[in-house]
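**Student:** Input protein-v8.pdb, format and content: PDB, C-alpha atoms.
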```pdb
ATOM      1  CA  LEU U  84     -24.426 -16.341  37.897  1.00  0.00           C
ATOM      2  CA  ASN U  85     -26.373 -17.978  35.071  1.00  0.00           C
ATOM      3  CA  HIS U  86     -26.970 -14.742  33.121  1.00  0.00           C
ATOM      4  CA  THR U  87     -30.741 -14.761  33.301  1.00  0.00           C
ATOM      5  CA  SER U  88     -31.070 -11.648  35.494  1.00  0.00           C
ATOM      6  CA  GLY U  89     -31.450  -9.123  32.653  1.00  0.00           C
ATOM      7  CA  PHE U  90     -29.010  -6.875  34.546  1.00  0.00           C
ATOM      8  CA  GLU U  91     -26.923  -4.466  32.463  1.00  0.00           C
ATOM      9  CA  ALA U  92     -25.809  -1.677  34.792  1.00  0.00           C
ATOM     10  CA  ILE U  93     -26.681  -0.102  38.124  1.00  0.00           C
ATOM     11  CA  GLY U  94     -29.383   2.481  37.558  1.00  0.00           C
ATOM     12  CA  GLU U  95     -30.428   1.026  34.217  1.00  0.00           C
ATOM     13  CA  PRO U  96     -33.704  -0.887  33.679  1.00  0.00           C
ATOM     14  CA  LEU U  97     -33.498  -4.659  33.297  1.00  0.00           C
ATOM     15  CA  LYS U  98     -33.349  -5.948  29.720  1.00  0.00           C
ATOM     16  CA  PHE U  99     -36.048  -8.538  30.452  1.00  0.00           C
ATOM     17  CA  GLU U 100     -37.944 -10.178  33.291  1.00  0.00           C
ATOM     18  CA  PRO U 101     -35.460 -12.215  35.352  1.00  0.00           C
ATOM     19  CA  GLY U 102     -35.432 -15.905  34.504  1.00  0.00           C
ATOM     20  CA  THR U 103     -37.053 -15.549  31.094  1.00  0.00           C
ATOM     21  CA  GLN U 104     -33.991 -15.192  28.826  1.00  0.00           C
ATOM     22  CA  PHE U 105     -30.223 -15.694  28.664  1.00  0.00           C
ATOM     23  CA  SER U 106     -27.998 -12.660  28.101  1.00  0.00           C
ATOM     24  CA  TYR U 107     -24.317 -12.799  29.047  1.00  0.00           C
ATOM     25  CA  SER U 108     -23.463  -9.924  31.377  1.00  0.00           C
ATOM     26  CA  ASN U 109     -19.998  -8.893  32.557  1.00  0.00           C
ATOM     27  CA  GLU U 110     -21.701  -6.264  34.686  1.00  0.00           C
ATOM     28  CA  ALA U 111     -23.593  -8.974  36.573  1.00  0.00           C
ATOM     29  CA  TYR U 112     -20.299 -10.618  37.589  1.00  0.00           C
ATOM     30  CA  ASP U 113     -18.948  -7.259  38.728  1.00  0.00           C
ATOM     31  CA  LEU U 114     -22.114  -6.809  40.777  1.00  0.00           C
ATOM     32  CA  VAL U 115     -21.492 -10.198  42.423  1.00  0.00           C
ATOM     33  CA  GLY U 116     -18.010  -8.941  43.341  1.00  0.00           C
ATOM     34  CA  ASN U 117     -19.564  -5.856  44.931  1.00  0.00           C
ATOM     35  CA  ILE U 118     -22.017  -8.035  46.879  1.00  0.00           C
ATOM     36  CA  LEU U 119     -19.143 -10.178  48.194  1.00  0.00           C
ATOM     37  CA  GLU U 120     -17.391  -7.051  49.445  1.00  0.00           C
ATOM     38  CA  LYS U 121     -20.547  -5.782  51.167  1.00  0.00           C
ATOM     39  CA  VAL U 122     -21.332  -9.123  52.817  1.00  0.00           C
ATOM     40  CA  THR U 123     -17.793  -9.916  54.013  1.00  0.00           C
ATOM     41  CA  GLY U 124     -16.481  -6.428  54.706  1.00  0.00           C
ATOM     42  CA  ARG U 125     -13.339  -7.317  52.731  1.00  0.00           C
ATOM     43  CA  THR U 126     -12.067  -6.313  49.317  1.00  0.00           C
ATOM     44  CA  TYR U 127     -12.551  -8.582  46.322  1.00  0.00           C
ATOM     45  CA  LYS U 128      -8.766  -8.586  45.902  1.00  0.00           C
ATOM     46  CA  ALA U 129      -8.264  -9.922  49.432  1.00  0.00           C
ATOM     47  CA  LEU U 130     -10.965 -12.564  49.014  1.00  0.00           C
ATOM     48  CA  VAL U 131      -9.720 -14.034  45.747  1.00  0.00           C
ATOM     49  CA  GLU U 132      -6.055 -13.916  46.707  1.00  0.00           C
ATOM     50  CA  GLU U 133      -6.848 -15.813  49.924  1.00  0.00           C
ATOM     51  CA  LEU U 134      -8.622 -18.362  47.735  1.00  0.00           C
ATOM     52  CA  PHE U 135      -5.610 -18.578  45.418  1.00  0.00           C
ATOM     53  CA  GLU U 136      -3.324 -19.091  48.420  1.00  0.00           C
ATOM     54  CA  THR U 137      -5.554 -21.891  49.721  1.00  0.00           C
ATOM     55  CA  LEU U 138      -5.365 -23.663  46.352  1.00  0.00           C
ATOM     56  CA  GLU U 139      -1.610 -22.964  46.048  1.00  0.00           C
ATOM     57  CA  MET U 140      -2.225 -20.932  42.901  1.00  0.00           C
ATOM     58  CA  ASN U 141       0.944 -18.994  43.580  1.00  0.00           C
ATOM     59  CA  ASP U 142       1.091 -17.111  40.268  1.00  0.00           C
ATOM     60  CA  SER U 143      -2.514 -15.860  40.279  1.00  0.00           C
ATOM     61  CA  PHE U 144      -3.585 -12.472  41.572  1.00  0.00           C
ATOM     62  CA  SER U 145      -6.033  -9.591  41.358  1.00  0.00           C
ATOM     63  CA  PRO U 146      -4.115  -6.499  40.193  1.00  0.00           C
ATOM     64  CA  GLU U 147      -5.045  -2.938  41.041  1.00  0.00           C
ATOM     65  CA  TRP U 148      -4.861  -1.945  37.395  1.00  0.00           C
ATOM     66  CA  GLU U 149      -5.177   1.816  37.885  1.00  0.00           C
ATOM     67  CA  LYS U 150      -2.118   1.879  40.139  1.00  0.00           C
ATOM     68  CA  ILE U 151       0.374  -0.139  38.128  1.00  0.00           C
ATOM     69  CA  ASP U 152       2.507  -0.054  35.051  1.00  0.00           C
ATOM     70  CA  THR U 153       2.294  -3.647  33.856  1.00  0.00           C
ATOM     71  CA  THR U 154       5.818  -3.788  32.437  1.00  0.00           C
ATOM     72  CA  SER U 155       7.607  -2.659  35.592  1.00  0.00           C
ATOM     73  CA  SER U 156       5.168  -3.985  38.197  1.00  0.00           C
ATOM     74  CA  TYR U 157       4.765  -7.453  36.678  1.00  0.00           C
ATOM     75  CA  PRO U 158       7.731  -8.168  34.393  1.00  0.00           C
ATOM     76  CA  HIS U 159       6.498 -11.719  33.663  1.00  0.00           C
ATOM     77  CA  LEU U 160       3.074 -10.529  32.513  1.00  0.00           C
ATOM     78  CA  LEU U 161       2.937 -10.632  28.725  1.00  0.00           C
ATOM     79  CA  GLU U 162       1.607  -7.619  26.907  1.00  0.00           C
ATOM     80  CA  GLY U 163      -1.525  -8.244  24.877  1.00  0.00           C
ATOM     81  CA  TYR U 164      -1.914  -7.611  21.166  1.00  0.00           C
ATOM     82  CA  VAL U 165      -4.954  -6.831  19.049  1.00  0.00           C
ATOM     83  CA  GLU U 166      -5.292  -8.058  15.472  1.00  0.00           C
ATOM     84  CA  HIS U 167      -7.665  -5.940  13.416  1.00  0.00           C
ATOM     85  CA  GLU U 168      -9.638  -7.211  10.438  1.00  0.00           C
ATOM     86  CA  THR U 169      -7.235  -5.265   8.210  1.00  0.00           C
ATOM     87  CA  GLY U 170      -4.462  -7.628   9.367  1.00  0.00           C
ATOM     88  CA  ASP U 171      -2.694  -4.976  11.453  1.00  0.00           C
ATOM     89  CA  ILE U 172      -1.426  -6.269  14.808  1.00  0.00           C
ATOM     90  CA  LEU U 173      -1.057  -3.560  17.441  1.00  0.00           C
ATOM     91  CA  LEU U 174      -0.067  -3.467  21.094  1.00  0.00           C
ATOM     92  CA  ASN U 175      -3.181  -3.428  23.266  1.00  0.00           C
ATOM     93  CA  GLN U 176      -3.718   0.029  24.755  1.00  0.00           C
ATOM     94  CA  GLU U 177      -6.845  -0.763  26.772  1.00  0.00           C
ATOM     95  CA  ARG U 178      -6.513  -1.231  30.532  1.00  0.00           C
ATOM     96  CA  ARG U 179      -9.163  -2.959  32.576  1.00  0.00           C
ATOM     97  CA  LYS U 180     -10.575  -1.086  35.534  1.00  0.00           C
ATOM     98  CA  THR U 181      -9.933  -2.786  38.858  1.00  0.00           C
ATOM     99  CA  ILE U 182     -13.661  -2.709  39.622  1.00  0.00           C
ATOM    100  CA  SER U 183     -14.104  -5.073  36.645  1.00  0.00           C
ATOM    101  CA  ASN U 184     -11.758  -7.758  37.995  1.00  0.00           C
ATOM    102  CA  PRO U 185     -14.650 -10.158  38.753  1.00  0.00           C
ATOM    103  CA  SER U 186     -15.626 -10.181  35.073  1.00  0.00           C
ATOM    104  CA  GLY U 187     -12.166 -10.427  33.535  1.00  0.00           C
ATOM    105  CA  GLY U 188      -9.321  -8.688  35.338  1.00  0.00           C
ATOM    106  CA  LEU U 189      -7.625 -11.540  37.180  1.00  0.00           C
ATOM    107  CA  VAL U 190      -4.208 -12.847  36.136  1.00  0.00           C
ATOM    108  CA  SER U 191      -3.270 -16.528  36.137  1.00  0.00           C
ATOM    109  CA  THR U 192      -1.192 -19.184  34.395  1.00  0.00           C
ATOM    110  CA  VAL U 193      -1.845 -22.538  32.748  1.00  0.00           C
ATOM    111  CA  HIS U 194      -0.388 -24.394  35.736  1.00  0.00           C
ATOM    112  CA  ASP U 195      -2.512 -22.484  38.229  1.00  0.00           C
ATOM    113  CA  LEU U 196      -5.681 -22.961  36.188  1.00  0.00           C
ATOM    114  CA  LEU U 197      -5.007 -26.692  36.198  1.00  0.00           C
ATOM    115  CA  LYS U 198      -4.912 -26.524  40.006  1.00  0.00           C
ATOM    116  CA  TRP U 199      -8.240 -24.665  39.844  1.00  0.00           C
ATOM    117  CA  ASN U 200      -9.843 -27.343  37.660  1.00  0.00           C
ATOM    118  CA  VAL U 201      -8.560 -30.152  39.877  1.00  0.00           C
ATOM    119  CA  ALA U 202      -9.873 -28.447  43.022  1.00  0.00           C
ATOM    120  CA  LEU U 203     -13.245 -27.486  41.552  1.00  0.00           C
ATOM    121  CA  HIS U 204     -14.045 -30.658  39.618  1.00  0.00           C
ATOM    122  CA  GLY U 205     -11.992 -33.345  41.315  1.00  0.00           C
ATOM    123  CA  GLY U 206     -11.567 -32.467  44.955  1.00  0.00           C
ATOM    124  CA  ASN U 207     -13.440 -31.699  48.148  1.00  0.00           C
ATOM    125  CA  PHE U 208     -13.193 -27.950  47.735  1.00  0.00           C
ATOM    126  CA  LEU U 209     -16.994 -27.570  47.560  1.00  0.00           C
ATOM    127  CA  THR U 210     -19.778 -29.674  49.000  1.00  0.00           C
ATOM    128  CA  GLN U 211     -21.344 -32.041  46.503  1.00  0.00           C
ATOM    129  CA  ASN U 212     -24.664 -30.213  46.812  1.00  0.00           C
ATOM    130  CA  ILE U 213     -23.163 -26.869  45.824  1.00  0.00           C
ATOM    131  CA  TYR U 214     -20.996 -28.417  43.121  1.00  0.00           C
ATOM    132  CA  GLN U 215     -23.978 -30.128  41.528  1.00  0.00           C
ATOM    133  CA  GLN U 216     -25.869 -26.836  41.466  1.00  0.00           C
ATOM    134  CA  ILE U 217     -22.929 -25.217  39.659  1.00  0.00           C
ATOM    135  CA  ILE U 218     -22.656 -27.869  36.938  1.00  0.00           C
ATOM    136  CA  THR U 219     -26.385 -28.445  36.415  1.00  0.00           C
ATOM    137  CA  PRO U 220     -27.680 -26.449  33.414  1.00  0.00           C
ATOM    138  CA  SER U 221     -30.252 -23.920  34.555  1.00  0.00           C
ATOM    139  CA  SER U 222     -30.354 -22.051  31.228  1.00  0.00           C
ATOM    140  CA  GLN U 223     -29.099 -22.316  27.650  1.00  0.00           C
ATOM    141  CA  GLN U 224     -27.059 -20.044  25.427  1.00  0.00           C
ATOM    142  CA  GLU U 225     -26.350 -19.879  21.732  1.00  0.00           C
ATOM    143  CA  HIS U 226     -22.871 -21.248  21.126  1.00  0.00           C
ATOM    144  CA  ARG U 227     -20.562 -21.780  18.186  1.00  0.00           C
ATOM    145  CA  TRP U 228     -19.863 -25.415  19.202  1.00  0.00           C
ATOM    146  CA  THR U 229     -23.308 -26.982  19.057  1.00  0.00           C
ATOM    147  CA  GLY U 230     -25.840 -24.234  18.380  1.00  0.00           C
ATOM    148  CA  LYS U 231     -27.132 -24.487  21.960  1.00  0.00           C
ATOM    149  CA  ILE U 232     -25.166 -25.247  25.108  1.00  0.00           C
ATOM    150  CA  GLY U 233     -26.197 -25.662  28.733  1.00  0.00           C
ATOM    151  CA  TYR U 234     -25.211 -23.022  31.261  1.00  0.00           C
ATOM    152  CA  GLY U 235     -24.935 -23.501  35.030  1.00  0.00           C
ATOM    153  CA  TYR U 236     -23.446 -21.104  37.568  1.00  0.00           C
ATOM    154  CA  GLY U 237     -20.527 -19.559  35.723  1.00  0.00           C
ATOM    155  CA  VAL U 238     -19.783 -22.634  33.606  1.00  0.00           C
ATOM    156  CA  GLN U 239     -20.905 -24.119  30.303  1.00  0.00           C
ATOM    157  CA  ILE U 240     -22.002 -27.756  30.272  1.00  0.00           C
ATOM    158  CA  ASP U 241     -22.110 -29.883  27.133  1.00  0.00           C
ATOM    159  CA  ASN U 242     -22.377 -33.634  26.618  1.00  0.00           C
ATOM    160  CA  THR U 243     -22.393 -33.890  22.819  1.00  0.00           C
ATOM    161  CA  ASN U 244     -21.481 -37.428  21.677  1.00  0.00           C
ATOM    162  CA  GLU U 245     -21.383 -38.409  25.364  1.00  0.00           C
ATOM    163  CA  ILE U 246     -18.198 -36.403  25.946  1.00  0.00           C
ATOM    164  CA  LEU U 247     -18.875 -34.319  29.057  1.00  0.00           C
ATOM    165  CA  GLU U 248     -17.265 -30.881  28.923  1.00  0.00           C
ATOM    166  CA  ILE U 249     -17.463 -28.285  31.689  1.00  0.00           C
ATOM    167  CA  SER U 250     -15.962 -25.126  30.314  1.00  0.00           C
ATOM    168  CA  HIS U 251     -15.729 -21.409  29.825  1.00  0.00           C
ATOM    169  CA  GLY U 252     -13.964 -19.069  27.450  1.00  0.00           C
ATOM    170  CA  GLY U 253     -13.031 -15.460  27.909  1.00  0.00           C
ATOM    171  CA  VAL U 254     -11.912 -12.546  25.790  1.00  0.00           C
ATOM    172  CA  ILE U 255     -10.842  -9.017  26.593  1.00  0.00           C
ATOM    173  CA  SER U 256      -8.787  -6.645  24.511  1.00  0.00           C
ATOM    174  CA  GLY U 257      -5.405  -8.318  24.015  1.00  0.00           C
ATOM    175  CA  TYR U 258      -6.124 -11.600  25.807  1.00  0.00           C
ATOM    176  CA  LEU U 259      -8.032 -14.786  25.008  1.00  0.00           C
ATOM    177  CA  ALA U 260      -8.622 -17.871  27.168  1.00  0.00           C
ATOM    178  CA  THR U 261     -10.240 -21.303  26.993  1.00  0.00           C
ATOM    179  CA  LEU U 262     -10.627 -23.523  30.065  1.00  0.00           C
ATOM    180  CA  ILE U 263     -12.231 -26.964  29.715  1.00  0.00           C
ATOM    181  CA  CYS U 264     -12.523 -29.875  32.119  1.00  0.00           C
ATOM    182  CA  TYR U 265     -13.272 -33.414  30.906  1.00  0.00           C
ATOM    183  CA  PRO U 266     -14.143 -35.008  34.275  1.00  0.00           C
ATOM    184  CA  HIS U 267     -14.812 -38.500  32.896  1.00  0.00           C
ATOM    185  CA  ASN U 268     -11.423 -38.487  31.186  1.00  0.00           C
ATOM    186  CA  LYS U 269      -9.585 -36.759  34.055  1.00  0.00           C
ATOM    187  CA  MET U 270      -8.192 -34.229  31.611  1.00  0.00           C
ATOM    188  CA  SER U 271      -8.139 -30.457  31.253  1.00  0.00           C
ATOM    189  CA  LEU U 272      -7.619 -28.291  28.184  1.00  0.00           C
ATOM    190  CA  ILE U 273      -6.236 -24.840  29.010  1.00  0.00           C
ATOM    191  CA  ILE U 274      -5.267 -22.313  26.340  1.00  0.00           C
ATOM    192  CA  LEU U 275      -4.065 -18.766  27.072  1.00  0.00           C
ATOM    193  CA  GLU U 276      -3.293 -16.408  24.216  1.00  0.00           C
ATOM    194  CA  ASN U 277      -2.065 -12.815  24.134  1.00  0.00           C
ATOM    195  CA  LYS U 278      -3.236 -11.913  20.625  1.00  0.00           C
ATOM    196  CA  VAL U 279      -6.902 -11.394  19.849  1.00  0.00           C
ATOM    197  CA  LEU U 280      -8.653 -11.024  16.506  1.00  0.00           C
ATOM    198  CA  TRP U 281     -10.688  -8.093  17.772  1.00  0.00           C
ATOM    199  CA  THR U 282     -14.136  -6.825  16.929  1.00  0.00           C
ATOM    200  CA  ASP U 283     -16.474  -4.339  18.546  1.00  0.00           C
ATOM    201  CA  LYS U 284     -19.694  -6.272  17.950  1.00  0.00           C
ATOM    202  CA  TRP U 285     -19.038  -9.922  18.955  1.00  0.00           C
ATOM    203  CA  GLU U 286     -21.643 -11.704  16.891  1.00  0.00           C
ATOM    204  CA  MET U 287     -21.411 -15.506  16.767  1.00  0.00           C
ATOM    205  CA  GLU U 288     -19.489 -15.408  13.489  1.00  0.00           C
ATOM    206  CA  ASP U 289     -16.917 -13.077  15.071  1.00  0.00           C
ATOM    207  CA  LYS U 290     -16.482 -15.350  18.086  1.00  0.00           C
ATOM    208  CA  SER U 291     -15.970 -18.324  15.764  1.00  0.00           C
ATOM    209  CA  LYS U 292     -13.159 -16.467  13.977  1.00  0.00           C
ATOM    210  CA  THR U 293     -11.528 -15.237  17.168  1.00  0.00           C
ATOM    211  CA  PHE U 294     -11.632 -18.610  18.939  1.00  0.00           C
ATOM    212  CA  HIS U 295     -10.904 -20.652  15.793  1.00  0.00           C
ATOM    213  CA  PRO U 296      -7.394 -21.864  16.836  1.00  0.00           C
ATOM    214  CA  HIS U 297      -8.696 -22.825  20.287  1.00  0.00           C
ATOM    215  CA  ASP U 298     -11.617 -24.705  18.768  1.00  0.00           C
ATOM    216  CA  GLN U 299      -9.284 -26.606  16.438  1.00  0.00           C
ATOM    217  CA  ILE U 300      -7.242 -27.782  19.433  1.00  0.00           C
ATOM    218  CA  ARG U 301     -10.468 -28.753  21.200  1.00  0.00           C
ATOM    219  CA  ASP U 302     -11.477 -30.860  18.187  1.00  0.00           C
ATOM    220  CA  VAL U 303      -8.163 -32.733  18.348  1.00  0.00           C
ATOM    221  CA  VAL U 304      -8.648 -33.443  22.043  1.00  0.00           C
ATOM    222  CA  ARG U 305     -12.219 -34.655  21.549  1.00  0.00           C
ATOM    223  CA  LYS U 306     -11.162 -37.004  18.727  1.00  0.00           C
ATOM    224  CA  SER U 307      -8.584 -38.552  21.053  1.00  0.00           C
ATOM    225  CA  PHE U 308     -11.441 -39.780  23.266  1.00  0.00           C
ATOM    226  CA  VAL U 309     -13.045 -41.778  20.448  1.00  0.00           C
ATOM    227  CA  HIS U 310     -11.719 -45.315  20.117  1.00  0.00           C
TER     228      HIS U 310
END
```
Please re-express this file's structure in structure tokens.

**Tutor:**
Amino acid sequence: LNHTSGFEAIGEPLKFEPGTQFSYSNEAYDLVGNILEKVTGRTYKALVEELFETLEMNDSFSPEWEKIDTTSSYPHLLEGYVEHETGDILLNQERRKTISNPSGGLVSTVHDLLKWNVALHGGNFLTQNIYQQIITPSSQQEHRWTGKIGYGYGVQIDNTNEILEISHGGVISGYLATLICYPHNKMSLIILENKVLWTDKWEMEDKSKTFHPHDQIRDVVRKSFVH
């Protein structure tokens, strides 16, 4: 959950000794989804959709991507677009595999993600002990915001200029998301976008370009906290 496992894929050697480095791994999240299925005897889809129902996230779900045509099955789901460095903007042709839903195949809305932030950071959804473990940095990652940023269990933690941010961003082909909670200010910043400036290498410079509009909005929000 804090990306220090060195795990890349089942059957492949670890990249490094666990606990010694940070390396973001989608495959590790997918592995966690598999573990949940083994432990509970239920599908990941059933588990997360029960969670969404509990939190009244009525427009969030875990699609079976291989079995659907997005246009006819989910008419309110926007198609994603990919902007190439040449300036061409094309309809996204890539489809996530259902097995990768834990690492980036769920569907939600701004309103539902606000309910998620309120439940996770402002309610009694988790015990305080577990919540504190989640938001306590146990590793660090390179980040375009501050050079280094703390990482807990599935969330980024930063307190630059005494503005506490608990956040995460996400990008897949055609879709881009930023989710930030400012617990001391009782505010959330949620941005969902269906056009991505796409690259195949994802160096820090590329991430800065792709997330640039989101980061500009974040800067405006942060300045509003300074009196």

**Student:** Could you tell me, as a CSV table (one decimal) with C-alpha atoms, in the frame of the given file, exactly which residues end up selected when the PyMOL selection byres ((chain U and resi 185) around 6) is applied to this structure?

**Tutor:**
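Output below, filename selection-v5.csv:
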```
chain,number,residue,atom,x,y,z
U,112,TYR,CA,-20.3,-10.6,37.6
U,113,ASP,CA,-18.9,-7.3,38.7
U,116,GLY,CA,-18.0,-8.9,43.3
U,183,SER,CA,-14.1,-5.1,36.6
U,184,ASN,CA,-11.8,-7.8,38.0
U,186,SER,CA,-15.6,-10.2,35.1
U,187,GLY,CA,-12.2,-10.4,33.5
```

**Student:** Distance atom CA of U:Asp152-atom CA of U:Val165, one decimal place?

**Tutor:** 18.9 Å

**Student:** From the list U:Thr261, U:Ser88, U:Gln211, U:Ser291, which residue is nearest U:Gly230 when using all atoms listed in the file?

**Tutor:**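 Among the listed residues, U:Ser291 lies closest to U:Gly230.
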
**Student:** Output the residue selection produced by the PyMOL selection byres ((chain U and resi 135-146) around 6) on the file above, formatted as number ranges by chain.

**Tutor:** U: 128, 132-134, 147-148, 189-191, 195

**Student:** Which polymer residues have any atom within 9 Å of an atom of U:Tyr107, counting only C-alpha atoms, with same-chain residues fewer than 4 positions away left out, as an mmCIF file with C-alpha atoms, in the frame of the given file?

**Tutor:**
```
data_model
loop_
_atom_site.group_PDB
_atom_site.id
_atom_site.type_symbol
_atom_site.label_atom_id
_atom_site.label_comp_id
_atom_site.auth_asym_id
_atom_site.auth_seq_id
_atom_site.Cartn_x
_atom_site.Cartn_y
_atom_site.Cartn_z
ATOM 1 C CA ASN U 85 -26.373 -17.978 35.071
ATOM 2 C CA HIS U 86 -26.970 -14.742 33.121
ATOM 3 C CA THR U 87 -30.741 -14.761 33.301
ATOM 4 C CA GLY U 89 -31.450 -9.123 32.653
ATOM 5 C CA ALA U 111 -23.593 -8.974 36.573
ATOM 6 C CA GLN U 224 -27.059 -20.044 25.427
#
```

**Student:** Name the residues within 9 Å of (-13.0, -24.6, 36.3), counting only C-alpha atoms in the file's coordinates, and put them as a VMD selection string.

**Tutor:** chain U and resid 196 to 197 199 to 204 238 249 to 251 262 to 264
